[in-house]
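query.json follows; it contains JSON, C-alpha atoms.
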```json
[["chain", "number", "residue", "atom", "x", "y", "z"],
["A", 158, "MET", "CA", 71.93, 103.64, 155.80],
["A", 159, "VAL", "CA", 73.77, 100.51, 156.95],
["A", 160, "PHE", "CA", 75.08, 98.01, 154.42],
["A", 161, "SER", "CA", 75.78, 94.38, 155.22],
["A", 162, "SER", "CA", 79.36, 93.26, 154.71],
["A", 163, "SER", "CA", 78.34, 91.17, 151.68],
["A", 164, "SER", "CA", 76.57, 94.06, 149.92],
["A", 165, "SER", "CA", 79.54, 96.31, 150.73],
["A", 166, "SER", "CA", 81.99, 93.91, 149.14],
["A", 167, "SER", "CA", 79.67, 93.51, 146.15],
["A", 168, "SER", "CA", 79.60, 97.26, 145.77],
["A", 169, "VAL", "CA", 83.38, 97.45, 145.83],
["A", 170, "LEU", "CA", 83.65, 94.65, 143.26],
["A", 171, "LEU", "CA", 81.12, 96.38, 141.02],
["A", 172, "LYS", "CA", 83.03, 99.66, 141.18],
["A", 173, "TYR", "CA", 86.29, 97.83, 140.45],
["A", 174, "ALA", "CA", 84.72, 96.05, 137.49],
["A", 175, "LEU", "CA", 83.40, 99.35, 136.12],
["A", 176, "VAL", "CA", 86.80, 101.00, 136.51],
["A", 177, "MET", "CA", 88.50, 98.14, 134.69],
["A", 178, "PHE", "CA", 85.83, 98.22, 131.97],
["A", 179, "PHE", "CA", 86.33, 101.91, 131.30],
["A", 180, "MET", "CA", 90.09, 101.52, 131.38],
["A", 181, "GLY", "CA", 89.68, 98.84, 128.73],
["A", 182, "VAL", "CA", 87.50, 101.10, 126.61],
["A", 183, "VAL", "CA", 90.01, 103.92, 126.87],
["A", 184, "SER", "CA", 92.94, 101.63, 126.04],
["A", 185, "ALA", "CA", 91.12, 100.43, 122.96],
["A", 186, "GLN", "CA", 90.63, 103.94, 121.61],
["A", 187, "LEU", "CA", 92.95, 105.42, 119.02],
["A", 188, "SER", "CA", 94.65, 108.71, 119.80],
["A", 189, "THR", "CA", 96.59, 111.31, 117.83],
["A", 190, "ASN", "CA", 99.25, 111.38, 120.56],
["A", 191, "PHE", "CA", 99.53, 107.61, 121.04],
["A", 192, "TYR", "CA", 103.27, 107.59, 120.29],
["A", 193, "SER", "CA", 104.15, 111.00, 121.71],
["A", 194, "SER", "CA", 106.27, 109.43, 124.46],
["A", 195, "SER", "CA", 107.22, 106.06, 122.97],
["A", 196, "CYS", "CA", 108.24, 107.39, 119.53],
["A", 197, "PRO", "CA", 108.42, 111.21, 119.51],
["A", 198, "LYS", "CA", 110.24, 111.30, 116.14],
["A", 199, "LEU", "CA", 107.63, 109.15, 114.38],
["A", 200, "LEU", "CA", 105.75, 111.78, 112.39],
["A", 201, "PRO", "CA", 108.75, 113.66, 110.95],
["A", 202, "THR", "CA", 110.44, 110.33, 110.17],
["A", 203, "VAL", "CA", 107.47, 109.09, 108.15],
["A", 204, "ARG", "CA", 106.95, 112.48, 106.49],
["A", 205, "SER", "CA", 110.56, 112.60, 105.33],
["A", 206, "ALA", "CA", 110.40, 109.11, 103.84],
["A", 207, "VAL", "CA", 107.08, 109.79, 102.08],
["A", 208, "GLN", "CA", 108.40, 113.08, 100.71],
["A", 209, "SER", "CA", 111.47, 111.30, 99.36],
["A", 210, "ALA", "CA", 109.35, 108.62, 97.66],
["A", 211, "ILE", "CA", 107.01, 111.16, 96.05],
["A", 212, "SER", "CA", 109.97, 113.25, 94.89],
["A", 213, "LYS", "CA", 111.23, 110.19, 93.03],
["A", 214, "GLU", "CA", 107.80, 109.29, 91.62],
["A", 215, "THR", "CA", 104.79, 111.56, 92.05],
["A", 216, "ARG", "CA", 102.37, 108.67, 91.47],
["A", 217, "MET", "CA", 103.61, 107.02, 94.67],
["A", 218, "GLY", "CA", 101.46, 109.40, 96.73],
["A", 219, "ALA", "CA", 98.32, 107.95, 95.21],
["A", 220, "SER", "CA", 99.68, 104.41, 95.61],
["A", 221, "LEU", "CA", 100.31, 104.89, 99.35],
["A", 222, "LEU", "CA", 96.85, 106.42, 99.83],
["A", 223, "ARG", "CA", 95.29, 103.47, 98.03],
["A", 224, "LEU", "CA", 97.11, 100.96, 100.24],
["A", 225, "HIS", "CA", 95.50, 102.51, 103.31],
["A", 226, "PHE", "CA", 92.05, 102.38, 101.66],
["A", 227, "HIS", "CA", 92.42, 98.75, 100.62],
["A", 228, "ASP", "CA", 93.75, 97.85, 104.04],
["A", 229, "CYS", "CA", 90.86, 99.42, 105.93],
["A", 230, "PHE", "CA", 88.17, 97.90, 103.71],
["A", 231, "VAL", "CA", 89.30, 94.34, 104.47],
["A", 232, "ASN", "CA", 88.73, 93.29, 108.09],
["A", 233, "GLY", "CA", 89.66, 96.74, 109.37],
["A", 234, "CYS", "CA", 92.80, 98.90, 109.30],
["A", 235, "ASP", "CA", 95.23, 96.21, 110.43],
["A", 236, "GLY", "CA", 98.09, 96.20, 107.91],
["A", 237, "SER", "CA", 96.89, 92.91, 106.44],
["A", 238, "ILE", "CA", 97.35, 94.12, 102.84],
["A", 239, "LEU", "CA", 101.11, 94.23, 103.42],
["A", 240, "LEU", "CA", 101.45, 90.52, 104.27],
["A", 241, "ASP", "CA", 102.99, 88.15, 101.75],
["A", 242, "ASP", "CA", 101.38, 84.73, 101.32],
["A", 243, "THR", "CA", 102.47, 82.05, 103.78],
["A", 244, "SER", "CA", 101.91, 78.31, 104.11],
["A", 245, "SER", "CA", 98.95, 79.01, 106.41],
["A", 246, "PHE", "CA", 97.11, 81.73, 104.45],
["A", 247, "THR", "CA", 96.75, 83.29, 101.02],
["A", 248, "GLY", "CA", 96.99, 87.03, 101.47],
["A", 249, "GLU", "CA", 95.45, 90.07, 99.84],
["A", 250, "LYS", "CA", 98.18, 91.07, 97.40],
["A", 251, "ARG", "CA", 96.95, 88.69, 94.71],
["A", 252, "ALA", "CA", 93.26, 89.45, 95.22],
["A", 253, "ALA", "CA", 91.56, 90.87, 92.12],
["A", 254, "PRO", "CA", 91.47, 94.52, 93.34],
["A", 255, "ASN", "CA", 95.19, 94.41, 94.22],
["A", 256, "PHE", "CA", 96.92, 92.05, 91.79],
["A", 257, "ARG", "CA", 99.24, 93.99, 89.44],
["A", 258, "SER", "CA", 97.62, 97.10, 90.85],
["A", 259, "ALA", "CA", 98.44, 97.66, 94.52],
["A", 260, "ARG", "CA", 101.96, 99.05, 94.72],
["A", 261, "GLY", "CA", 104.31, 100.90, 97.02],
["A", 262, "PHE", "CA", 105.20, 97.93, 99.21],
["A", 263, "GLU", "CA", 108.93, 98.66, 98.91],
["A", 264, "VAL", "CA", 108.29, 102.25, 99.98],
["A", 265, "VAL", "CA", 106.40, 101.00, 103.04],
["A", 266, "ASP", "CA", 109.39, 98.75, 103.79],
["A", 267, "ASN", "CA", 111.66, 101.79, 103.64],
["A", 268, "ILE", "CA", 109.38, 103.82, 105.91],
["A", 269, "LYS", "CA", 109.15, 100.96, 108.39],
["A", 270, "SER", "CA", 112.95, 100.64, 108.39],
["A", 271, "ALA", "CA", 113.34, 104.36, 109.08],
["A", 272, "VAL", "CA", 110.82, 104.18, 111.92],
["A", 273, "GLU", "CA", 112.47, 101.09, 113.40],
["A", 274, "SER", "CA", 115.78, 102.95, 113.47],
["A", 275, "VAL", "CA", 114.34, 105.65, 115.77],
["A", 276, "CYS", "CA", 112.04, 103.47, 117.91],
["A", 277, "PRO", "CA", 112.34, 99.71, 117.31],
["A", 278, "GLY", "CA", 109.36, 97.47, 117.95],
["A", 279, "VAL", "CA", 106.96, 100.28, 118.80],
["A", 280, "VAL", "CA", 105.00, 101.42, 115.74],
["A", 281, "SER", "CA", 102.65, 99.18, 113.78],
["A", 282, "CYS", "CA", 102.63, 98.82, 110.02],
["A", 283, "ALA", "CA", 98.91, 99.66, 110.07],
["A", 284, "ASP", "CA", 99.69, 103.04, 111.65],
["A", 285, "ILE", "CA", 102.50, 103.66, 109.18],
["A", 286, "LEU", "CA", 99.96, 103.21, 106.35],
["A", 287, "ALA", "CA", 97.57, 105.69, 107.99],
["A", 288, "ILE", "CA", 100.26, 108.33, 108.45],
["A", 289, "SER", "CA", 101.68, 107.77, 104.96],
["A", 290, "ALA", "CA", 98.24, 108.26, 103.41],
["A", 291, "ARG", "CA", 97.76, 111.59, 105.21],
["A", 292, "ASP", "CA", 101.24, 112.80, 104.31],
["A", 293, "SER", "CA", 100.78, 111.82, 100.65],
["A", 294, "VAL", "CA", 97.59, 113.83, 100.37],
["A", 295, "HIS", "CA", 99.13, 116.87, 102.04],
["A", 296, "ILE", "CA", 102.38, 116.77, 100.05],
["A", 297, "LEU", "CA", 100.37, 116.73, 96.81],
["A", 298, "GLY", "CA", 98.41, 119.83, 97.83],
["A", 299, "GLY", "CA", 95.47, 118.37, 99.72],
["A", 300, "PRO", "CA", 94.28, 118.81, 103.29],
["A", 301, "THR", "CA", 95.95, 117.53, 106.42],
["A", 302, "TRP", "CA", 94.39, 116.05, 109.54],
["A", 303, "GLY", "CA", 95.36, 114.58, 112.88],
["A", 304, "VAL", "CA", 95.88, 110.85, 112.32],
["A", 305, "LYS", "CA", 94.56, 108.75, 115.18],
["A", 306, "LEU", "CA", 97.09, 106.08, 116.11],
["A", 307, "GLY", "CA", 97.39, 102.98, 118.26],
["A", 308, "ARG", "CA", 96.45, 100.27, 115.77],
["A", 309, "ARG", "CA", 98.17, 96.93, 115.95],
["A", 310, "ASP", "CA", 98.98, 94.57, 113.09],
["A", 311, "SER", "CA", 97.08, 91.47, 112.11],
["A", 312, "ARG", "CA", 98.80, 88.10, 112.04],
["A", 313, "THR", "CA", 96.89, 86.93, 108.99],
["A", 314, "ALA", "CA", 95.24, 88.13, 105.78],
["A", 315, "SER", "CA", 92.43, 86.97, 103.52],
["A", 316, "GLN", "CA", 92.36, 87.00, 99.73],
["A", 317, "ALA", "CA", 88.68, 86.08, 99.77],
["A", 318, "ALA", "CA", 87.82, 88.98, 102.07],
["A", 319, "ALA", "CA", 89.69, 91.38, 99.79],
["A", 320, "ASN", "CA", 87.82, 90.08, 96.74],
["A", 321, "ASN", "CA", 84.50, 90.52, 98.54],
["A", 322, "SER", "CA", 85.06, 93.82, 100.35],
["A", 323, "ILE", "CA", 86.78, 96.22, 97.95],
["A", 324, "PRO", "CA", 84.34, 97.74, 95.43],
["A", 325, "PRO", "CA", 85.39, 97.07, 91.82],
["A", 326, "PRO", "CA", 85.52, 99.79, 89.13],
["A", 327, "THR", "CA", 82.38, 98.32, 87.57],
["A", 328, "SER", "CA", 80.31, 99.17, 90.66],
["A", 329, "SER", "CA", 76.95, 100.92, 90.45],
["A", 330, "LEU", "CA", 76.12, 103.81, 92.76],
["A", 331, "SER", "CA", 74.02, 101.57, 95.01],
["A", 332, "ALA", "CA", 76.83, 99.00, 95.20],
["A", 333, "LEU", "CA", 79.32, 101.72, 96.15],
["A", 334, "ILE", "CA", 77.01, 103.02, 98.88],
["A", 335, "SER", "CA", 76.58, 99.49, 100.24],
["A", 336, "SER", "CA", 80.32, 98.73, 100.19],
["A", 337, "PHE", "CA", 81.15, 101.90, 102.10],
["A", 338, "ARG", "CA", 78.26, 101.42, 104.52],
["A", 339, "ALA", "CA", 79.67, 97.97, 105.35],
["A", 340, "VAL", "CA", 82.77, 99.68, 106.80],
["A", 341, "GLY", "CA", 80.83, 102.34, 108.67],
["A", 342, "LEU", "CA", 80.93, 105.08, 106.04],
["A", 343, "SER", "CA", 77.97, 107.10, 104.77],
["A", 344, "ALA", "CA", 77.04, 107.89, 101.17],
["A", 345, "LYS", "CA", 78.48, 111.39, 101.68],
["A", 346, "ASP", "CA", 81.72, 109.87, 103.02],
["A", 347, "MET", "CA", 81.84, 107.69, 99.92],
["A", 348, "VAL", "CA", 81.55, 110.67, 97.56],
["A", 349, "ALA", "CA", 84.21, 112.58, 99.51],
["A", 350, "LEU", "CA", 86.64, 109.65, 99.64],
["A", 351, "SER", "CA", 86.13, 108.96, 95.93],
["A", 352, "GLY", "CA", 87.82, 112.32, 95.48],
["A", 353, "SER", "CA", 91.08, 110.50, 96.14],
["A", 354, "HIS", "CA", 90.85, 109.75, 92.41],
["A", 355, "THR", "CA", 92.03, 113.30, 91.85],
["A", 356, "ILE", "CA", 95.50, 111.69, 91.88],
["A", 357, "GLY", "CA", 96.85, 108.47, 90.48],
["A", 358, "GLN", "CA", 96.51, 106.28, 87.43],
["A", 359, "ALA", "CA", 94.27, 103.43, 86.32],
["A", 360, "ARG", "CA", 95.06, 100.47, 84.07],
["A", 361, "CYS", "CA", 93.36, 100.07, 80.70],
["A", 362, "THR", "CA", 91.75, 96.81, 81.82],
["A", 363, "ASN", "CA", 89.78, 98.77, 84.43],
["A", 364, "PHE", "CA", 88.31, 101.39, 82.09],
["A", 365, "ARG", "CA", 88.22, 99.62, 78.70],
["A", 366, "ALA", "CA", 84.54, 98.67, 79.01],
["A", 367, "ARG", "CA", 83.59, 102.25, 79.85],
["A", 368, "ILE", "CA", 85.34, 103.93, 76.91],
["A", 369, "TYR", "CA", 84.21, 101.35, 74.33],
["A", 370, "ASN", "CA", 80.79, 100.19, 75.54],
["A", 371, "GLU", "CA", 79.23, 103.18, 77.29],
["A", 372, "THR", "CA", 77.65, 106.03, 75.37],
["A", 373, "ASN", "CA", 75.53, 107.75, 78.00],
["A", 374, "ASN", "CA", 77.29, 110.13, 80.35],
["A", 375, "LEU", "CA", 80.61, 109.89, 78.50],
["A", 376, "ASP", "CA", 82.22, 112.82, 76.73],
["A", 377, "ALA", "CA", 82.99, 111.65, 73.17],
["A", 378, "SER", "CA", 86.32, 113.46, 72.82],
["A", 379, "PHE", "CA", 87.44, 112.15, 76.20],
["A", 380, "ALA", "CA", 86.60, 108.59, 75.14],
["A", 381, "THR", "CA", 88.56, 109.04, 71.90],
["A", 382, "GLN", "CA", 91.55, 110.37, 73.83],
["A", 383, "ARG", "CA", 91.54, 107.41, 76.21],
["A", 384, "ARG", "CA", 91.12, 104.85, 73.42],
["A", 385, "SER", "CA", 94.40, 106.00, 71.88],
["A", 386, "ASN", "CA", 96.29, 104.25, 74.68],
["A", 387, "CYS", "CA", 93.82, 101.49, 75.51],
["A", 388, "PRO", "CA", 93.11, 99.03, 72.65],
["A", 389, "ARG", "CA", 89.68, 97.42, 72.48],
["A", 390, "ALA", "CA", 90.99, 93.85, 72.48],
["A", 391, "THR", "CA", 91.33, 92.24, 75.89],
["A", 392, "GLY", "CA", 94.94, 91.28, 76.51],
["A", 393, "SER", "CA", 96.29, 94.11, 74.41],
["A", 394, "GLY", "CA", 97.66, 97.01, 76.45],
["A", 395, "ASP", "CA", 95.86, 95.86, 79.61],
["A", 396, "ASN", "CA", 98.44, 97.55, 81.84],
["A", 397, "ASN", "CA", 98.63, 100.82, 79.91],
["A", 398, "LEU", "CA", 97.95, 103.70, 82.26],
["A", 399, "ALA", "CA", 95.73, 106.76, 82.14],
["A", 400, "PRO", "CA", 95.27, 109.47, 84.77],
["A", 401, "LEU", "CA", 92.14, 109.20, 86.90],
["A", 402, "ASP", "CA", 91.93, 113.01, 86.81],
["A", 403, "VAL", "CA", 92.48, 114.25, 83.26],
["A", 404, "GLN", "CA", 92.98, 117.86, 84.38],
["A", 405, "SER", "CA", 95.57, 117.69, 87.18],
["A", 406, "PRO", "CA", 96.61, 114.09, 87.87],
["A", 407, "ASN", "CA", 99.48, 115.05, 90.19],
["A", 408, "ALA", "CA", 97.66, 117.61, 92.34],
["A", 409, "PHE", "CA", 95.18, 116.81, 95.09],
["A", 410, "ASN", "CA", 92.24, 119.14, 94.43],
["A", 411, "ASN", "CA", 88.56, 119.11, 93.46],
["A", 412, "ASP", "CA", 89.07, 118.77, 89.69],
["A", 413, "TYR", "CA", 87.85, 115.16, 89.91],
["A", 414, "TYR", "CA", 84.30, 116.42, 90.56],
["A", 415, "LYS", "CA", 84.50, 118.93, 87.72],
["A", 416, "ASN", "CA", 85.48, 116.05, 85.45],
["A", 417, "LEU", "CA", 82.40, 114.07, 86.52],
["A", 418, "ILE", "CA", 80.10, 116.98, 85.71],
["A", 419, "ASN", "CA", 81.78, 117.16, 82.28],
["A", 420, "GLN", "CA", 81.25, 113.42, 81.77],
["A", 421, "LYS", "CA", 84.96, 112.70, 82.01],
["A", 422, "GLY", "CA", 85.06, 110.17, 84.83],
["A", 423, "LEU", "CA", 87.58, 107.51, 83.82],
["A", 424, "LEU", "CA", 86.08, 104.56, 85.66],
["A", 425, "HIS", "CA", 82.47, 103.44, 85.41],
["A", 426, "SER", "CA", 82.29, 103.68, 89.21],
["A", 427, "ASP", "CA", 83.56, 107.27, 89.09],
["A", 428, "GLN", "CA", 80.89, 108.49, 86.70],
["A", 429, "GLN", "CA", 78.21, 106.71, 88.72],
["A", 430, "LEU", "CA", 78.59, 109.51, 91.27],
["A", 431, "PHE", "CA", 77.17, 111.95, 88.71],
["A", 432, "ASN", "CA", 74.61, 110.11, 86.68],
["A", 433, "GLY", "CA", 71.23, 111.49, 87.69],
["A", 434, "GLY", "CA", 71.31, 109.81, 91.09],
["A", 435, "SER", "CA", 71.42, 110.67, 94.78],
["A", 436, "ALA", "CA", 75.11, 111.66, 94.74],
["A", 437, "ASP", "CA", 74.74, 114.38, 92.08],
["A", 438, "SER", "CA", 74.16, 117.20, 94.55],
["A", 439, "THR", "CA", 77.25, 116.35, 96.60],
["A", 440, "VAL", "CA", 79.38, 116.20, 93.44],
["A", 441, "ARG", "CA", 78.11, 119.64, 92.44],
["A", 442, "GLN", "CA", 78.88, 120.98, 95.90],
["A", 443, "TYR", "CA", 82.44, 119.66, 95.90],
["A", 444, "SER", "CA", 83.06, 120.87, 92.33],
["A", 445, "SER", "CA", 82.31, 124.45, 93.33],
["A", 446, "ASN", "CA", 83.54, 124.43, 96.95],
["A", 447, "PRO", "CA", 87.06, 123.02, 97.32],
["A", 448, "GLY", "CA", 87.18, 123.95, 100.99],
["A", 449, "GLN", "CA", 84.13, 121.83, 101.73],
["A", 450, "PHE", "CA", 85.59, 118.91, 99.83],
["A", 451, "SER", "CA", 88.86, 119.15, 101.75],
["A", 452, "ALA", "CA", 87.09, 119.31, 105.11],
["A", 453, "ASP", "CA", 84.76, 116.40, 104.31],
["A", 454, "PHE", "CA", 87.59, 114.32, 102.85],
["A", 455, "ALA", "CA", 89.71, 114.76, 105.98],
["A", 456, "ALA", "CA", 86.78, 113.90, 108.26],
["A", 457, "ALA", "CA", 85.95, 110.80, 106.21],
["A", 458, "MET", "CA", 89.58, 109.65, 106.27],
["A", 459, "ILE", "CA", 89.59, 109.83, 110.07],
["A", 460, "LYS", "CA", 86.31, 107.92, 110.14],
["A", 461, "MET", "CA", 87.64, 105.24, 107.78],
["A", 462, "GLY", "CA", 90.76, 104.89, 109.91],
["A", 463, "ASP", "CA", 88.54, 103.98, 112.87],
["A", 464, "ASN", "CA", 87.31, 100.83, 111.13],
["A", 465, "LYS", "CA", 87.81, 97.81, 113.41],
["A", 466, "PRO", "CA", 91.41, 98.46, 114.49],
["A", 467, "LEU", "CA", 93.26, 95.88, 116.53],
["A", 468, "THR", "CA", 94.22, 97.52, 119.83],
["A", 469, "GLY", "CA", 95.41, 96.65, 123.31],
["A", 470, "SER", "CA", 96.76, 93.10, 123.34],
["A", 471, "SER", "CA", 95.15, 92.07, 120.04],
["A", 472, "GLY", "CA", 97.41, 91.51, 117.07],
["A", 473, "GLU", "CA", 101.08, 92.45, 117.23],
["A", 474, "ILE", "CA", 103.65, 95.05, 116.24],
["A", 475, "ARG", "CA", 105.31, 93.48, 113.22],
["A", 476, "LYS", "CA", 109.06, 93.76, 112.85],
["A", 477, "ASN", "CA", 108.72, 93.27, 109.09],
["A", 478, "CYS", "CA", 105.51, 94.53, 107.47],
["A", 479, "ARG", "CA", 105.51, 91.63, 105.01],
["A", 480, "ARG", "CA", 105.26, 88.80, 107.50],
["A", 481, "PRO", "CA", 103.94, 88.04, 110.98],
["A", 482, "ASN", "CA", 106.51, 87.92, 113.78]]
```

Represent the structure contained in this file as structure tokens.
Amino acid sequence: MVFSSSSSSSSVLLKYALVMFFMGVVSAQLSTNFYSSSCPKLLPTVRSAVQSAISKETRMGASLLRLHFHDCFVNGCDGSILLDDTSSFTGEKRAAPNFRSARGFEVVDNIKSAVESVCPGVVSCADILAISARDSVHILGGPTWGVKLGRRDSRTASQAAANNSIPPPTSSLSALISSFRAVGLSAKDMVALSGSHTIGQARCTNFRARIYNETNNLDASFATQRRSNCPRATGSGDNNLAPLDVQSPNAFNNDYYKNLINQKGLLHSDQQLFNGGSADSTVRQYSSNPGQFSADFAAAMIKMGDNKPLTGSSGEIRKNCRRPN
């Protein structure tokens, strides 16, 4: 077959365009070995800093994990939760789900500083959050997984988006399913990721209504125990803490699901997972099969980490996680 010169050049241009397209797709994908050449000491550097922070305060593991969650739920996993307010935007730190609640920012600063000392200007704050979350879970006895890397950092943040995107502790089961679906996660992913509440603490203001106003699906002795450190009156003891997992608050395991079956979920949104609804069967499965929970949790964390990352030439690699370059 003979092609005219014009069709031949068109064919070459088409092939070139396709090659460039696929190169773009590949460059936009995250990879577990993204920094293997540019920052080979990254993973042990982060692990050491996370281990040091958890050794000083066990609760910090849960706090670092939560930062990654709250980052990914707001306009993707882009490190936006770490940004302080500026003259041009009001950030996420003072949004309702984070104000007086999100913590660990100084630890992230320390991790970033350690990483910068071994490979300056290479690793994003968003990726540091993802690695820190994995390491926290593993150090506290949970599963590990290969963290996909290559995210870049946002140059802005949105308090309004944080208020609208992060499910509050008053959420119903249907609201939880919808919130997770909005970031590409299934109902099963939601139940698995809720298992992160096997570690960490909650403030009285976030569970007061449950222990004083709810009677169905609430163990009476558990409610009495929690009331001892959480007064009924709003404004009194609002910041008093209670463990999200009454059995083993410092160990990452499947006790959270056993608590739900025993009507000992601390938050209203926790107990919604076992309340005669569509999530009951998954809760039962995880309560009796810790290996399945660990596998599903790890898979869901990877999936959550894929939510709308900035890659390629989008965003930036921040020098300081608290402010744009």

query: Do you have the CA of Pro466 (chain A)-CA of Gly261 (chain A) distance handy?
result: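 Distance reported for this atom pair: 21.9 Å.
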
message: From the options A:Ser335, A:Gln358, A:Asn374, A:Ser281, which residue's atoms come nearest to Gly236 (chain A), counting only C-alpha atoms?
response: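 Closest to Gly236 (chain A), using only C-alpha atoms: A:Ser281.
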
- request: Would you mind telling me which residue in A:Ile418, A:Ala457, A:Ala399, A:Val272 lies nearest to Ser444 (chain A) when using all atoms listed in the file?
  value: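 Ranked by minimum distance to Ser444 (chain A), first place goes to A:Ile418.
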
- request: Please identify all polymer residues within 12 Å of Asn321 (chain A), counting only C-alpha atoms, omitting same-chain residues fewer than 3 positions from it, and present them as a list in words.
  value: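 Here the answer would be His227, Phe230, Val231, Asn232, Glu249, Ala252, Ala253, Pro254, Ser315, Gln316, Ala317, Ala318, Pro324, Pro325, Ala332, Ser336 and Ala339 of chain A.
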
field: Contacts of Asn464 (chain A) at 7 Å (all atoms listed in the file; same-chain gap of 3+ positions) as a list of chain:residue names
entry: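 The residues that qualify are A:Cys229, A:Gly233, A:Cys234, A:Val340, A:Met461.
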
message: Neighbouring residues of region 213-219 of chain A were defined as those with any atom within 7 Å, considering all atoms listed in the file; residues of the same chain fewer than 4 positions away were excluded. Please report them as a PyMOL selection string.
response: chain A and resi 209+223+261+293-294+356-357+407

message: I need the residue nearest Tyr413 (chain A) from this list: A:Leu297, A:Val264, A:Leu467, A:Val348. Use all atoms listed in the file for the distance.
response: A:Val348

- prompt: Using all atoms listed in the file, can you list as a ChimeraX atom specification the residues within 12 Å of (84.0, 101.8, 76.6)?
  reply: /A:327,361-377,379-384,387-390,422-425

message: Calculated over all atoms listed in the file, which of the candidates A:Ala408, A:Trp302, A:Leu199, A:Phe337 has the smallest distance to Ile211 (chain A)?
response: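 The answer is A:Ala408, which sits nearest to Ile211 (chain A).
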
- request: Quick one: pull the distance between CA of Arg309 (chain A) and CA of Ile474 (chain A), Å, one decimal.
  value: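 Computing the Euclidean distance for CA of Arg309 (chain A) and CA of Ile474 (chain A) yields 5.8 Å.
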
- request: Can you work out the spacing between CA of Asp266 (chain A) and CA of Ser220 (chain A) in Å, to one decimal?
  value: 13.9 Å

- request: Could you tell me which of A:Leu222, A:Ala455, A:Asp284, A:Ser289 comes closest to Arg260 (chain A) if we count all atoms listed in the file?
  value: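 Residue with the minimum atom-to-atom distance to Arg260 (chain A): A:Leu222.
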
- request: Compile the contact shell of Lys250 (chain A) as a ChimeraX atom specification: residues with an atom at most 9 Å away, counting all atoms listed in the file, same-chain residues fewer than 6 positions apart removed.
  value: /A:238-242,256-259,316,319

With all atoms listed in the file as the counted atoms, please give the residues lying no more than 8 Å from Glu473 (chain A), apart from itself and same-chain residues fewer than 3 positions off, as a compact mmCIF listing (two decimals) with C-alpha atoms, in the frame of the given file.
```
# COMPACT_ATOMS: atom_id res chain seq x y z
CA SER A 281 102.65 99.18 113.78
CA ARG A 309 98.17 96.93 115.95
CA ASP A 310 98.98 94.57 113.09
CA SER A 311 97.08 91.47 112.11
CA ARG A 312 98.80 88.10 112.04
CA SER A 470 96.76 93.10 123.34
CA ASN A 482 106.51 87.92 113.78
```

Given all atoms listed in the file as the counted atoms, nearest of A:Tyr443, A:Phe409, A:Phe454, A:Tyr414 to Ile296 (chain A):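 Using all atoms listed in the file, the shortest distance to Ile296 (chain A) belongs to A:Phe409.
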
task: Could you give me, as a list in words, the residues that have an atom at most 6 Å away from the point (82.5, 108.8, 108.8) in the coordinates of the file, using only C-alpha atoms?
output: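 The answer, in the requested form, is Leu342, Asp346, Ala457 and Lys460 of chain A.
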
Complete the atom set of region 186-194 of chain A to N, CA, C and O atoms and return it as an mmCIF file, keeping the file's coordinate frame.
```
data_model
loop_
_atom_site.group_PDB
_atom_site.id
_atom_site.type_symbol
_atom_site.label_atom_id
_atom_site.label_comp_id
_atom_site.auth_asym_id
_atom_site.auth_seq_id
_atom_site.Cartn_x
_atom_site.Cartn_y
_atom_site.Cartn_z
ATOM 1 N N GLN A 186 90.873 102.798 122.480
ATOM 2 C CA GLN A 186 90.630 103.940 121.610
ATOM 3 C C GLN A 186 91.923 104.399 120.953
ATOM 4 O O GLN A 186 92.991 104.376 121.555
ATOM 5 N N LEU A 187 91.797 104.850 119.712
ATOM 6 C CA LEU A 187 92.950 105.420 119.020
ATOM 7 C C LEU A 187 93.125 106.864 119.469
ATOM 8 O O LEU A 187 92.178 107.530 119.882
ATOM 9 N N SER A 188 94.347 107.363 119.340
ATOM 10 C CA SER A 188 94.650 108.710 119.800
ATOM 11 C C SER A 188 95.714 109.341 118.909
ATOM 12 O O SER A 188 96.649 108.656 118.469
ATOM 13 N N THR A 189 95.590 110.629 118.665
ATOM 14 C CA THR A 189 96.590 111.310 117.830
ATOM 15 C C THR A 189 97.944 111.400 118.526
ATOM 16 O O THR A 189 98.960 111.583 117.861
ATOM 17 N N ASN A 190 97.972 111.280 119.838
ATOM 18 C CA ASN A 190 99.250 111.380 120.560
ATOM 19 C C ASN A 190 99.707 110.042 121.129
ATOM 20 O O ASN A 190 100.465 109.986 122.091
ATOM 21 N N PHE A 191 99.247 108.954 120.513
ATOM 22 C CA PHE A 191 99.530 107.610 121.040
ATOM 23 C C PHE A 191 101.026 107.356 121.206
ATOM 24 O O PHE A 191 101.448 106.718 122.162
ATOM 25 N N TYR A 192 101.831 107.849 120.248
ATOM 26 C CA TYR A 192 103.270 107.590 120.290
ATOM 27 C C TYR A 192 104.081 108.790 120.776
ATOM 28 O O TYR A 192 105.306 108.812 120.608
ATOM 29 N N SER A 193 103.439 109.767 121.360
ATOM 30 C CA SER A 193 104.150 111.000 121.710
ATOM 31 C C SER A 193 105.308 110.754 122.671
ATOM 32 O O SER A 193 106.327 111.451 122.613
ATOM 33 N N SER A 194 105.178 109.762 123.530
ATOM 34 C CA SER A 194 106.270 109.430 124.460
ATOM 35 C C SER A 194 107.124 108.282 123.938
ATOM 36 O O SER A 194 108.349 108.304 124.047
#
```
